[in-house]
$ cat start.cif   # mmCIF, C-alpha atoms
data_entry
loop_
_atom_site.label_atom_id
_atom_site.label_comp_id
_atom_site.auth_asym_id
_atom_site.auth_seq_id
_atom_site.Cartn_x
_atom_site.Cartn_y
_atom_site.Cartn_z
CA MET X 20 20.50 -29.42 -1.96
CA ASN X 21 23.83 -31.20 -2.50
CA CYS X 22 27.34 -29.86 -1.81
CA ARG X 23 28.05 -28.99 -5.44
CA LYS X 24 24.96 -26.86 -5.77
CA ALA X 25 25.41 -25.27 -2.34
CA SER X 26 28.99 -24.36 -3.21
CA ARG X 27 27.76 -22.35 -6.20
CA PHE X 28 25.61 -20.21 -3.93
CA LEU X 29 27.96 -19.75 -0.96
CA ALA X 30 29.66 -16.62 -2.30
CA LEU X 31 26.31 -14.84 -2.47
CA TYR X 32 24.96 -16.48 0.68
CA VAL X 33 27.60 -14.81 2.87
CA GLY X 34 26.57 -11.40 1.54
CA ASP X 35 22.81 -12.01 1.93
CA GLU X 36 22.30 -11.66 -1.81
CA LEU X 37 20.31 -14.83 -2.34
CA GLY X 38 16.56 -14.94 -2.65
CA PRO X 39 14.65 -16.24 0.39
CA ARG X 40 14.03 -19.71 -1.07
CA LYS X 41 17.66 -20.35 -2.04
CA GLU X 42 18.88 -18.89 1.21
CA ARG X 43 16.70 -21.29 3.20
CA ALA X 44 17.93 -24.20 1.10
CA VAL X 45 21.60 -23.25 1.56
CA ARG X 46 21.13 -22.67 5.29
CA ALA X 47 19.49 -26.07 5.68
CA HIS X 48 22.37 -27.68 3.79
CA LEU X 49 25.00 -25.91 5.91
CA GLU X 50 23.41 -27.20 9.09
CA SER X 51 24.05 -30.73 7.96
CA CYS X 52 27.35 -30.29 6.06
CA PRO X 53 30.51 -29.29 8.00
CA ARG X 54 32.60 -29.06 4.81
CA CYS X 55 30.34 -26.46 3.20
CA ARG X 56 30.02 -24.67 6.55
CA ALA X 57 33.80 -24.33 6.61
CA GLU X 58 33.80 -23.00 3.07
CA ALA X 59 31.16 -20.42 3.99
CA GLU X 60 33.33 -19.39 6.90
CA ASP X 61 36.30 -18.98 4.53
CA TYR X 62 34.23 -16.60 2.44
CA ARG X 63 33.39 -14.58 5.53
CA VAL X 64 37.04 -14.36 6.56
CA ALA X 65 38.10 -13.29 3.07
CA LEU X 66 35.42 -10.59 2.98
CA GLU X 67 36.36 -9.38 6.44
CA ARG X 68 40.02 -9.14 5.44
CA ALA X 69 39.11 -7.24 2.30
CA ARG X 70 37.07 -4.78 4.32
CA MET X 71 39.98 -4.30 6.68
CA MET X 72 41.78 -2.73 3.81
CA THR X 73 39.40 0.23 3.75
CA ALA X 74 39.70 0.74 7.47
CA ALA X 75 43.48 0.49 7.35
CA GLU X 76 44.23 2.50 4.28
CA ALA X 77 44.62 6.23 3.99
CA ALA X 78 43.50 7.11 0.50
CA PRO X 79 45.08 10.10 -1.19
CA ASP X 80 43.43 13.49 -0.92
CA TRP X 81 43.77 16.91 -2.46
CA THR X 82 45.22 19.69 -0.37
CA ASP X 83 42.77 22.51 0.32
CA ALA X 84 44.61 24.72 -2.16
CA GLU X 85 44.44 22.02 -4.84
CA TRP X 86 40.75 21.49 -4.14
CA ARG X 87 39.91 25.20 -4.35
CA LYS X 88 41.88 25.57 -7.57
CA MET X 89 40.18 22.51 -9.06
CA MET X 90 36.71 23.72 -8.07
CA ALA X 91 37.38 27.15 -9.57
CA SER X 92 38.46 25.50 -12.78
CA ILE X 93 35.44 23.18 -12.87
CA VAL X 94 32.77 25.80 -12.23
CA SER X 95 34.22 28.03 -14.93
CA THR X 96 33.32 25.32 -17.45
CA PRO X 97 30.03 25.96 -19.24
CA VAL X 98 27.20 23.69 -18.15
CA GLU X 99 25.64 21.66 -20.93
CA LYS X 100 22.59 23.43 -22.33
CA ARG X 101 19.21 21.81 -22.26
CA PRO X 102 19.58 18.82 -24.57
CA PHE X 103 17.48 18.77 -27.74
CA ARG X 104 14.60 16.40 -27.21
CA ALA X 105 13.10 15.21 -30.47
CA PHE X 106 10.14 13.68 -28.69
CA ALA X 107 9.03 17.16 -27.58
CA LEU X 108 8.04 17.82 -31.21
CA LYS X 109 5.97 14.69 -31.42
CA PRO X 110 2.60 16.24 -30.44
CA ALA X 111 3.04 18.99 -33.07
CA LEU X 112 4.04 16.44 -35.72
CA ALA X 113 1.12 14.23 -34.83
CA ALA X 114 -1.33 17.16 -35.02
CA GLY X 115 0.10 18.20 -38.40
CA ALA X 116 -0.14 14.66 -39.75
CA PHE X 117 -3.73 14.40 -38.50
CA CYS X 118 -4.68 17.66 -40.29
CA LEU X 119 -3.09 16.42 -43.51
CA VAL X 120 -4.99 13.14 -43.30
CA VAL X 121 -8.28 14.99 -42.69
CA LEU X 122 -7.72 17.41 -45.59
CA GLY X 123 -6.62 14.59 -47.89
CA THR X 124 -9.66 12.50 -47.00
CA GLN X 125 -11.93 15.48 -47.60
CA ALA X 126 -10.36 16.11 -51.02
CA VAL X 127 -10.76 12.46 -52.02
CA ILE X 128 -14.40 12.43 -50.92
CA ARG X 129 -15.13 15.62 -52.86
CA HIS X 130 -13.49 14.19 -55.96
CA LEU X 131 -15.48 10.96 -55.66
CA LEU X 132 -18.74 12.87 -55.19
CA ARG X 133 -18.09 14.94 -58.30
CA THR X 134 -17.26 11.93 -60.47
CA SER X 135 -20.34 10.12 -59.16
CA GLU X 136 -22.47 13.12 -60.14
CA ILE X 137 -21.21 12.87 -63.70
CA SER X 138 -21.67 9.14 -63.83
CA THR X 139 -25.31 9.52 -62.75
CA PHE X 140 -25.95 11.67 -65.78
CA PRO X 141 -28.38 9.56 -67.75
CA ALA X 142 -27.30 10.57 -71.24
CA ARG X 143 -26.93 7.67 -73.59
CA GLN X 144 -23.48 6.86 -74.87
CA ASP X 145 -24.56 7.14 -78.48
CA GLU X 146 -25.69 10.76 -77.99
CA PRO X 147 -23.11 13.50 -78.77
CA LEU X 148 -23.30 14.91 -75.22
CA GLY X 149 -23.03 11.45 -73.72
CA ARG X 150 -19.90 10.72 -75.76
CA LEU X 151 -18.37 14.00 -74.66
CA PHE X 152 -18.99 13.22 -71.01
CA SER X 153 -17.65 9.72 -71.27
CA ALA X 154 -14.55 11.08 -73.02
CA LEU X 155 -13.83 13.53 -70.18
CA PRO X 156 -10.89 12.25 -68.17
CA ALA X 157 -11.67 14.44 -65.19
CA PHE X 158 -14.16 17.01 -64.14
CA ASP X 159 -12.92 20.58 -64.06
CA SER X 160 -14.19 24.00 -65.06
CA ALA X 161 -12.05 24.23 -68.24
CA SER X 162 -13.31 20.95 -69.64
CA LEU X 163 -16.85 21.88 -68.62
CA ALA X 164 -16.59 25.12 -70.58
CA ALA X 165 -15.29 23.15 -73.56
CA VAL X 166 -18.23 20.80 -73.32
CA GLU X 167 -20.68 23.67 -73.17
CA LYS X 168 -19.09 25.34 -76.17
CA VAL X 169 -19.09 22.21 -78.30
CA ALA X 170 -22.61 21.32 -77.32
CA GLY X 171 -23.87 24.85 -77.98
CA LEU X 172 -25.04 25.23 -74.43
CA GLN X 173 -23.71 28.75 -73.84
CA ASP X 174 -27.15 30.01 -72.94
CA PRO X 175 -27.18 30.39 -69.14
CA ALA X 176 -30.88 29.73 -69.18
CA PHE X 177 -30.20 26.24 -70.47
CA PRO X 178 -29.73 24.24 -67.31
CA VAL X 179 -28.40 20.95 -68.65
CA LEU X 180 -25.05 21.32 -66.96
CA ALA X 181 -26.19 23.54 -64.13
CA PHE X 182 -25.76 20.74 -61.62
CA ALA X 183 -22.02 20.96 -62.11
CA LYS X 184 -21.85 24.55 -60.89
CA GLN X 185 -24.00 24.17 -57.86
CA ASP X 186 -22.75 24.35 -54.31
CA VAL X 187 -25.38 21.94 -53.06
CA PRO X 188 -25.56 18.33 -54.15
CA ALA X 189 -28.13 17.92 -56.92
CA LEU X 190 -29.10 15.30 -59.45
CA THR X 191 -30.53 16.34 -62.82
CA MET X 192 -32.27 13.86 -65.07
CA ILE X 193 -33.26 14.70 -68.66
CA THR X 194 -35.26 12.60 -71.06
CA PRO X 195 -33.54 13.10 -74.43
CA GLU X 196 -36.66 12.27 -76.44
CA SER X 197 -39.07 14.73 -74.77
CA GLY X 198 -36.61 17.14 -73.15
CA LEU X 199 -38.25 16.60 -69.75
CA LYS X 200 -35.91 17.67 -66.96
CA ILE X 201 -36.09 16.60 -63.31
CA VAL X 202 -33.72 18.10 -60.70
CA TRP X 203 -33.37 16.63 -57.25
CA PHE X 204 -31.63 18.72 -54.57
CA PHE X 205 -30.06 17.17 -51.49
CA ASN X 206 -29.18 18.73 -48.16
CA GLU X 207 -25.81 18.29 -46.41
CA ASN X 208 -26.94 14.90 -45.09
CA LEU X 209 -27.64 13.81 -48.64
CA GLU X 210 -31.34 13.73 -47.85
CA LEU X 211 -33.73 14.69 -50.62
CA GLU X 212 -34.97 18.22 -50.11
CA GLU X 213 -38.62 19.03 -50.68
CA MET C 21 17.47 11.99 -3.70
CA ASP C 22 18.38 13.93 -0.59
CA PRO C 23 16.36 17.23 -0.52
CA ARG C 24 19.52 19.20 0.24
CA GLU C 25 21.27 17.77 -2.81
CA LYS C 26 18.19 18.37 -4.92
CA ALA C 27 18.08 22.01 -3.87
CA LEU C 28 21.79 22.46 -4.60
CA ILE C 29 21.46 20.87 -8.03
CA GLU C 30 18.57 23.17 -8.84
CA ARG C 31 20.64 26.15 -7.77
CA VAL C 32 23.55 25.10 -10.00
CA LEU C 33 21.21 24.56 -12.92
CA ALA C 34 19.71 27.98 -12.32
CA GLY C 35 23.18 29.46 -12.79
CA ASP C 36 24.56 29.58 -9.25
CA SER C 37 27.81 27.67 -9.77
CA THR C 38 28.91 28.28 -6.16
CA ALA C 39 26.36 25.64 -5.11
CA PHE C 40 28.42 22.93 -6.82
CA GLU C 41 31.17 22.73 -4.21
CA PRO C 42 28.83 22.07 -1.24
CA LEU C 43 27.06 19.53 -3.43
CA VAL C 44 30.16 17.40 -4.09
CA LEU C 45 32.16 18.12 -0.93
CA PRO C 46 30.73 15.10 1.00
CA TYR C 47 31.97 12.86 -1.84
CA ARG C 48 35.46 14.32 -2.08
CA ARG C 49 37.18 11.51 -0.13
CA PRO C 50 34.87 8.64 -1.11
CA MET C 51 35.32 9.40 -4.81
CA LEU C 52 39.05 9.65 -4.51
CA SER C 53 39.22 6.43 -2.48
CA LEU C 54 37.13 4.53 -4.99
CA ALA C 55 39.22 5.82 -7.89
CA TYR C 56 42.35 4.85 -5.97
CA ARG C 57 41.07 1.35 -5.38
CA ILE C 58 40.19 0.93 -9.02
CA VAL C 59 43.48 2.13 -10.50
CA GLN C 60 45.75 1.69 -7.47
CA ASN C 61 47.71 4.78 -8.23
CA ALA C 62 47.36 8.03 -6.31
CA GLU C 63 48.08 10.42 -9.17
CA ASP C 64 45.83 8.58 -11.60
CA ALA C 65 43.11 8.46 -8.96
CA LYS C 66 43.24 12.23 -8.54
CA GLU C 67 43.10 12.70 -12.28
CA ILE C 68 40.11 10.37 -12.60
CA ALA C 69 38.21 11.95 -9.69
CA GLN C 70 38.84 15.42 -11.11
CA GLU C 71 37.60 14.32 -14.51
CA ALA C 72 34.52 12.79 -12.89
CA LEU C 73 33.75 16.01 -11.00
CA LEU C 74 34.18 18.02 -14.17
CA ARG C 75 31.79 15.74 -16.06
CA ALA C 76 29.33 15.88 -13.17
CA PHE C 77 29.27 19.69 -13.33
CA LYS C 78 29.09 19.82 -17.11
CA TYR C 79 26.29 17.28 -17.44
CA LEU C 80 24.44 18.03 -14.21
CA ARG C 81 21.27 18.67 -16.20
CA ARG C 82 21.20 14.96 -17.06
CA CYS C 83 21.11 13.93 -13.40
CA ASP C 84 17.78 12.34 -12.55
CA LEU C 85 16.51 14.07 -9.42
CA GLU C 86 14.55 10.97 -8.48
CA ARG C 87 17.70 8.83 -8.31
CA SER C 88 20.58 8.80 -5.87
CA PHE C 89 23.13 11.53 -6.58
CA ARG C 90 25.90 9.39 -5.08
CA ASN C 91 25.14 6.53 -7.47
CA TRP C 92 25.14 8.94 -10.38
CA LEU C 93 28.52 10.35 -9.30
CA TYR C 94 29.96 6.84 -8.89
CA GLN C 95 28.67 5.90 -12.31
CA ILE C 96 30.53 8.86 -13.80
CA LEU C 97 33.63 7.99 -11.79
CA VAL C 98 33.67 4.37 -12.95
CA ASN C 99 33.22 5.49 -16.55
CA ALA C 100 36.05 7.99 -16.16
CA ALA C 101 38.23 5.23 -14.69
CA ARG C 102 37.37 2.94 -17.59
CA ASP C 103 38.25 5.68 -20.09
CA HIS C 104 41.47 6.29 -18.23
CA GLY C 105 42.22 2.57 -18.24
CA ARG C 106 41.64 2.42 -21.98
CA ARG C 107 43.90 5.40 -22.54
CA ARG C 108 46.78 4.21 -20.46
CA GLY C 109 46.30 0.47 -20.49
CA LEU C 110 44.91 -0.83 -17.24
CA GLU C 111 47.28 -3.76 -17.07
CA SER C 112 50.40 -1.62 -17.16
CA SER C 113 48.84 0.67 -14.55
CA LEU C 114 48.18 -2.25 -12.25
CA ARG C 115 51.63 -3.68 -12.65
CA SER C 116 53.32 -0.37 -11.96
CA ALA C 117 51.38 0.18 -8.75
CA ASP C 118 53.15 -0.52 -5.50
CA PRO C 119 50.60 -0.70 -2.71
CA LEU C 120 53.18 -0.40 0.04
CA THR C 121 54.61 2.83 -1.26
CA GLU C 122 51.36 4.14 -2.72
CA SER C 123 49.35 3.97 0.47
CA SER C 124 50.08 6.61 3.04
CA PRO C 125 48.72 5.54 6.42
CA SER C 126 47.12 8.18 8.58
CA PRO C 127 49.61 10.25 10.56
CA GLU C 128 47.75 9.56 13.83
CA ALA C 129 48.60 5.87 13.62
CA GLY C 130 51.94 4.74 14.93
CA PRO C 131 54.67 3.39 12.67
CA GLU C 132 53.83 -0.21 13.55
CA ALA C 133 50.13 0.26 12.82
CA ALA C 134 51.04 2.04 9.64
CA HIS C 135 53.28 -0.81 8.59
CA GLU C 136 50.60 -3.36 9.41
CA ALA C 137 47.96 -1.38 7.50
CA GLY C 138 50.28 -1.17 4.52
CA GLU C 139 50.89 -4.90 4.67
CA VAL C 140 47.20 -5.75 4.82
CA ARG C 141 46.51 -3.45 1.92
CA ALA C 142 49.35 -4.94 -0.11
CA GLN C 143 48.01 -8.42 0.54
CA VAL C 144 44.43 -7.64 -0.41
CA LEU C 145 45.50 -5.75 -3.51
CA ASP C 146 47.56 -8.76 -4.40
CA CYS C 147 44.39 -10.85 -4.16
CA LEU C 148 42.44 -8.31 -6.21
CA ASP C 149 44.97 -8.64 -9.01
CA GLY C 150 43.47 -11.99 -9.93
CA VAL C 151 40.02 -10.65 -10.71
CA SER C 152 38.89 -9.07 -13.97
CA PRO C 153 38.32 -5.28 -14.14
CA LYS C 154 34.54 -5.69 -14.12
CA GLU C 155 34.61 -8.12 -11.21
CA ARG C 156 36.86 -5.70 -9.39
CA GLU C 157 34.43 -2.81 -9.93
CA VAL C 158 31.51 -4.88 -8.68
CA PHE C 159 33.47 -6.13 -5.68
CA LEU C 160 34.67 -2.64 -4.75
CA LEU C 161 31.24 -1.06 -4.95
CA ARG C 162 29.34 -3.88 -3.27
CA ASP C 163 31.79 -5.18 -0.69
CA ILE C 164 34.07 -2.25 0.00
CA GLU C 165 31.76 0.72 -0.56
CA GLU C 166 28.90 -1.44 0.76
CA MET C 167 26.44 -0.32 -1.87
CA GLY C 168 23.35 -2.45 -2.48
CA VAL C 169 23.11 -4.79 -5.46
CA ALA C 170 20.58 -2.51 -7.17
CA ALA C 171 22.71 0.59 -6.58
CA THR C 172 25.83 -1.22 -7.81
CA ALA C 173 24.00 -2.33 -10.92
CA GLU C 174 22.80 1.22 -11.52
CA ALA C 175 26.25 2.72 -11.01
CA LEU C 176 27.96 0.23 -13.31
CA GLY C 177 25.24 0.08 -15.95
CA LEU C 178 24.75 -3.65 -15.40
CA SER C 179 21.74 -5.80 -14.62
CA GLN C 180 21.34 -7.05 -11.06
CA LEU C 181 21.81 -10.58 -12.30
CA SER C 182 25.09 -9.61 -13.91
CA VAL C 183 26.21 -7.93 -10.69
CA ARG C 184 25.49 -11.13 -8.75
CA VAL C 185 27.41 -13.24 -11.26
CA HIS C 186 30.47 -10.94 -11.21
CA LEU C 187 30.30 -10.61 -7.45
CA SER C 188 30.17 -14.34 -6.95
CA ARG C 189 33.17 -14.87 -9.22
CA ALA C 190 35.14 -12.05 -7.60
CA ARG C 191 34.56 -13.37 -4.07
CA ARG C 192 35.48 -16.89 -5.09
CA LYS C 193 38.71 -15.78 -6.77
CA ILE C 194 39.67 -13.53 -3.87
CA LYS C 195 38.97 -16.22 -1.32
CA GLU C 196 40.96 -18.83 -3.23
CA ARG C 197 43.90 -16.51 -3.83
CA MET C 198 43.88 -15.39 -0.23
CA LYS C 199 43.72 -18.96 1.03
CA GLN C 200 46.61 -19.93 -1.17
CA SER C 201 48.85 -16.97 -0.34
CA TYR C 202 47.84 -16.31 3.25
CA PRO C 203 46.55 -19.58 4.73
CA HIS C 204 47.14 -18.33 8.29
CA TYR C 205 44.09 -16.02 7.97
CA PHE C 206 41.82 -19.02 7.71
CA GLY C 207 42.55 -20.79 10.98
CA SER C 208 44.62 -23.90 11.61
CA GLY C 209 44.17 -27.14 9.77
CA ARG C 210 42.40 -25.71 6.71
#
$ encode --input "start.cif" --output "structure tokens"
Amino acid sequence: MNCRKASRFLALYVGDELGPRKERAVRAHLESCPRCRAEAEDYRVALERARMMTAAEAAPDWTDAEWRKMMASIVSTPVEKRPFRAFALKPALAAGAFCLVVLGTQAVIRHLLRTSEISTFPARQDEPLGRLFSALPAFDSASLAAVEKVAGLQDPAFPVLAFAKQDVPALTMITPESGLKIVWFFNENLELEE
Amino acid sequence: MDPREKALIERVLAGDSTAFEPLVLPYRRPMLSLAYRIVQNAEDAKEIAQEALLRAFKYLRRCDLERSFRNWLYQILVNAARDHGRRRGLESSLRSADPLTESSPSPEAGPEAAHEAGEVRAQVLDCLDGVSPKEREVFLLRDIEEMGVAATAEALGLSQLSVRVHLSRARRKIKERMKQSYPHYFGSGR
């Protein structure tokens, strides 16, 4: 370490505020450099003189009466109430957001399942019923009733559209030429039920 | 934090305001001294220390029970002093201060000792005039109040690196000013 570098660290060296490596380097330099040693000594003298001030001075103080009066005034002030902590609401917000995501996902899945049921209907597009289904923008009970009315399928015994009212997943296949109907029922795991 | 202080704080927060005085009583003189050294004016120092105590009581709930209560108090005090400085203009406050008349040496000391103490104080305050307000705060807390670097940084809201930089500058300026104005302190021939 040279004098210039050592000089930068002397102010902290005299107060033991340097890290061990720098302190060793400065100490080694001071052992070989009388000029820097003298400067370090100057720092010590200046610090000592500054500290003398605290020993020599008599700082002002309140009289006991002033102190009591001040304390009475201070403790009559209302203490700040518990500060509002926004992060305390975070778990509740997170739980709410999670529920919304779950419900939303469920609704989307239900909607997709319903539309896929319709799309699996094997009616040909040139058939009247097929055209009606392909023209339906969305599946709902009102449009289903309209379809049934137009197609003359009011008879509850006629099961062409029964799949749409079921609570269990089912797939109905009808051969338009022969009128042969095959219904497959699925359990909750979408496995074919016997 | 000291268990006694912790217990007193909990009592105050529970509504027992009489526990506040024993909590701050050990810091009565140190707070006033520090305020006095920052602003160098007895009346202003009292005002600042009172404001700091008031803020400490009002915002006691914000005090971290894992940290030093003294450091927290000093932090409030320094902030109150800064606010005071901004209100009044620190420079004018420093210029108006007269260390010889402001300081009142202890009555036990004789007139000669009192005069000498006043002189020393006047000289050191003269040297402190050359340092910036932040350097002065760091120097007072670290070298006069003998707080650690970490505690000084915490009290002043600075990083430890920043404290070291300000401290180094303050000591250099004080040493140079002192050497220039009072060379007899530094031995003969230098």
$ residues_around --input "start.cif" --residues "region 53-55 of chain C" --least-positions-apart "5" --cutoff "10 Å" --atoms "only C-alpha atoms" --output "list in words"
Thr73, Glu76, Ala77, Ala78, Pro79 and Asp80 of chain X; Tyr47, Arg48, Gln60, Asn61, Ala62, Asp64, Ala65, Lys66, Glu67, Ile68, Ala69, Ala72, Tyr94, Leu97, Val98, Ala100, Ala101, Glu157, Leu160, Leu161, Ile164 and Glu165 of chain C
$ interface_residues --input "start.cif" --of "chain X" --to "chain C" --cutoff "12 Å" --atoms "only C-alpha atoms" --output "count of residues only"
60
$ residues_near_point --input "start.cif" --point "(19.7, 2.7, -10.8)" --cutoff "12 Å" --atoms "only C-alpha atoms" --output "compact mmCIF listing (two decimals) with C-alpha atoms, in the coordinates of the input"
# COMPACT_ATOMS: atom_id res chain seq x y z
CA MET C 21 17.47 11.99 -3.70
CA CYS C 83 21.11 13.93 -13.40
CA ASP C 84 17.78 12.34 -12.55
CA LEU C 85 16.51 14.07 -9.42
CA GLU C 86 14.55 10.97 -8.48
CA ARG C 87 17.70 8.83 -8.31
CA SER C 88 20.58 8.80 -5.87
CA PHE C 89 23.13 11.53 -6.58
CA ARG C 90 25.90 9.39 -5.08
CA ASN C 91 25.14 6.53 -7.47
CA TRP C 92 25.14 8.94 -10.38
CA LEU C 93 28.52 10.35 -9.30
CA TYR C 94 29.96 6.84 -8.89
CA GLN C 95 28.67 5.90 -12.31
CA MET C 167 26.44 -0.32 -1.87
CA GLY C 168 23.35 -2.45 -2.48
CA VAL C 169 23.11 -4.79 -5.46
CA ALA C 170 20.58 -2.51 -7.17
CA ALA C 171 22.71 0.59 -6.58
CA THR C 172 25.83 -1.22 -7.81
CA ALA C 173 24.00 -2.33 -10.92
CA GLU C 174 22.80 1.22 -11.52
CA ALA C 175 26.25 2.72 -11.01
CA LEU C 176 27.96 0.23 -13.31
CA GLY C 177 25.24 0.08 -15.95
CA LEU C 178 24.75 -3.65 -15.40
CA SER C 179 21.74 -5.80 -14.62
CA GLN C 180 21.34 -7.05 -11.06
$ closest_residue --input "start.cif" --among "X:Ala44, X:Leu199, X:Ala111, X:Cys22" --to "Arg56 (chain X)" --atoms "only C-alpha atoms"
X:Cys22
$ atom_distance --input "start.cif" --atom1 "CA of Arg156 (chain C)" --atom2 "CA of Lys41 (chain X)"
25.2 Å
$ decode --input "start.cif" --residues "region 56-84 of chain C" --atoms "C-alpha atoms" --output "PDB file, in the first residue's frame"
ATOM      1  CA  TYR C  56     -28.091  20.600  21.313  1.00  0.00           C
ATOM      2  CA  ARG C  57     -25.035  19.391  19.442  1.00  0.00           C
ATOM      3  CA  ILE C  58     -26.948  19.233  16.195  1.00  0.00           C
ATOM      4  CA  VAL C  59     -28.532  22.680  16.345  1.00  0.00           C
ATOM      5  CA  GLN C  60     -26.195  24.363  18.847  1.00  0.00           C
ATOM      6  CA  ASN C  61     -28.970  26.286  20.454  1.00  0.00           C
ATOM      7  CA  ALA C  62     -30.452  25.428  23.842  1.00  0.00           C
ATOM      8  CA  GLU C  63     -34.010  26.566  23.170  1.00  0.00           C
ATOM      9  CA  ASP C  64     -34.160  24.899  19.777  1.00  0.00           C
ATOM     10  CA  ALA C  65     -32.697  21.739  21.281  1.00  0.00           C
ATOM     11  CA  LYS C  66     -35.450  21.617  23.896  1.00  0.00           C
ATOM     12  CA  GLU C  67     -38.065  22.158  21.234  1.00  0.00           C
ATOM     13  CA  ILE C  68     -36.629  19.386  19.052  1.00  0.00           C
ATOM     14  CA  ALA C  69     -36.295  16.909  21.928  1.00  0.00           C
ATOM     15  CA  GLN C  70     -39.865  17.631  23.017  1.00  0.00           C
ATOM     16  CA  GLU C  71     -41.115  17.101  19.482  1.00  0.00           C
ATOM     17  CA  ALA C  72     -39.160  13.843  19.288  1.00  0.00           C
ATOM     18  CA  LEU C  73     -40.663  12.585  22.553  1.00  0.00           C
ATOM     19  CA  LEU C  74     -44.126  13.515  21.371  1.00  0.00           C
ATOM     20  CA  ARG C  75     -43.618  11.624  18.093  1.00  0.00           C
ATOM     21  CA  ALA C  76     -42.193   8.662  20.005  1.00  0.00           C
ATOM     22  CA  PHE C  77     -45.339   8.462  22.148  1.00  0.00           C
ATOM     23  CA  LYS C  78     -47.705   8.986  19.246  1.00  0.00           C
ATOM     24  CA  TYR C  79     -46.088   6.422  16.969  1.00  0.00           C
ATOM     25  CA  LEU C  80     -44.904   3.963  19.613  1.00  0.00           C
ATOM     26  CA  ARG C  81     -46.841   1.200  17.879  1.00  0.00           C
ATOM     27  CA  ARG C  82     -44.402   1.460  14.968  1.00  0.00           C
ATOM     28  CA  CYS C  83     -41.404   0.734  17.193  1.00  0.00           C
ATOM     29  CA  ASP C  84     -39.881  -2.620  16.312  1.00  0.00           C
TER      30      ASP C  84
END
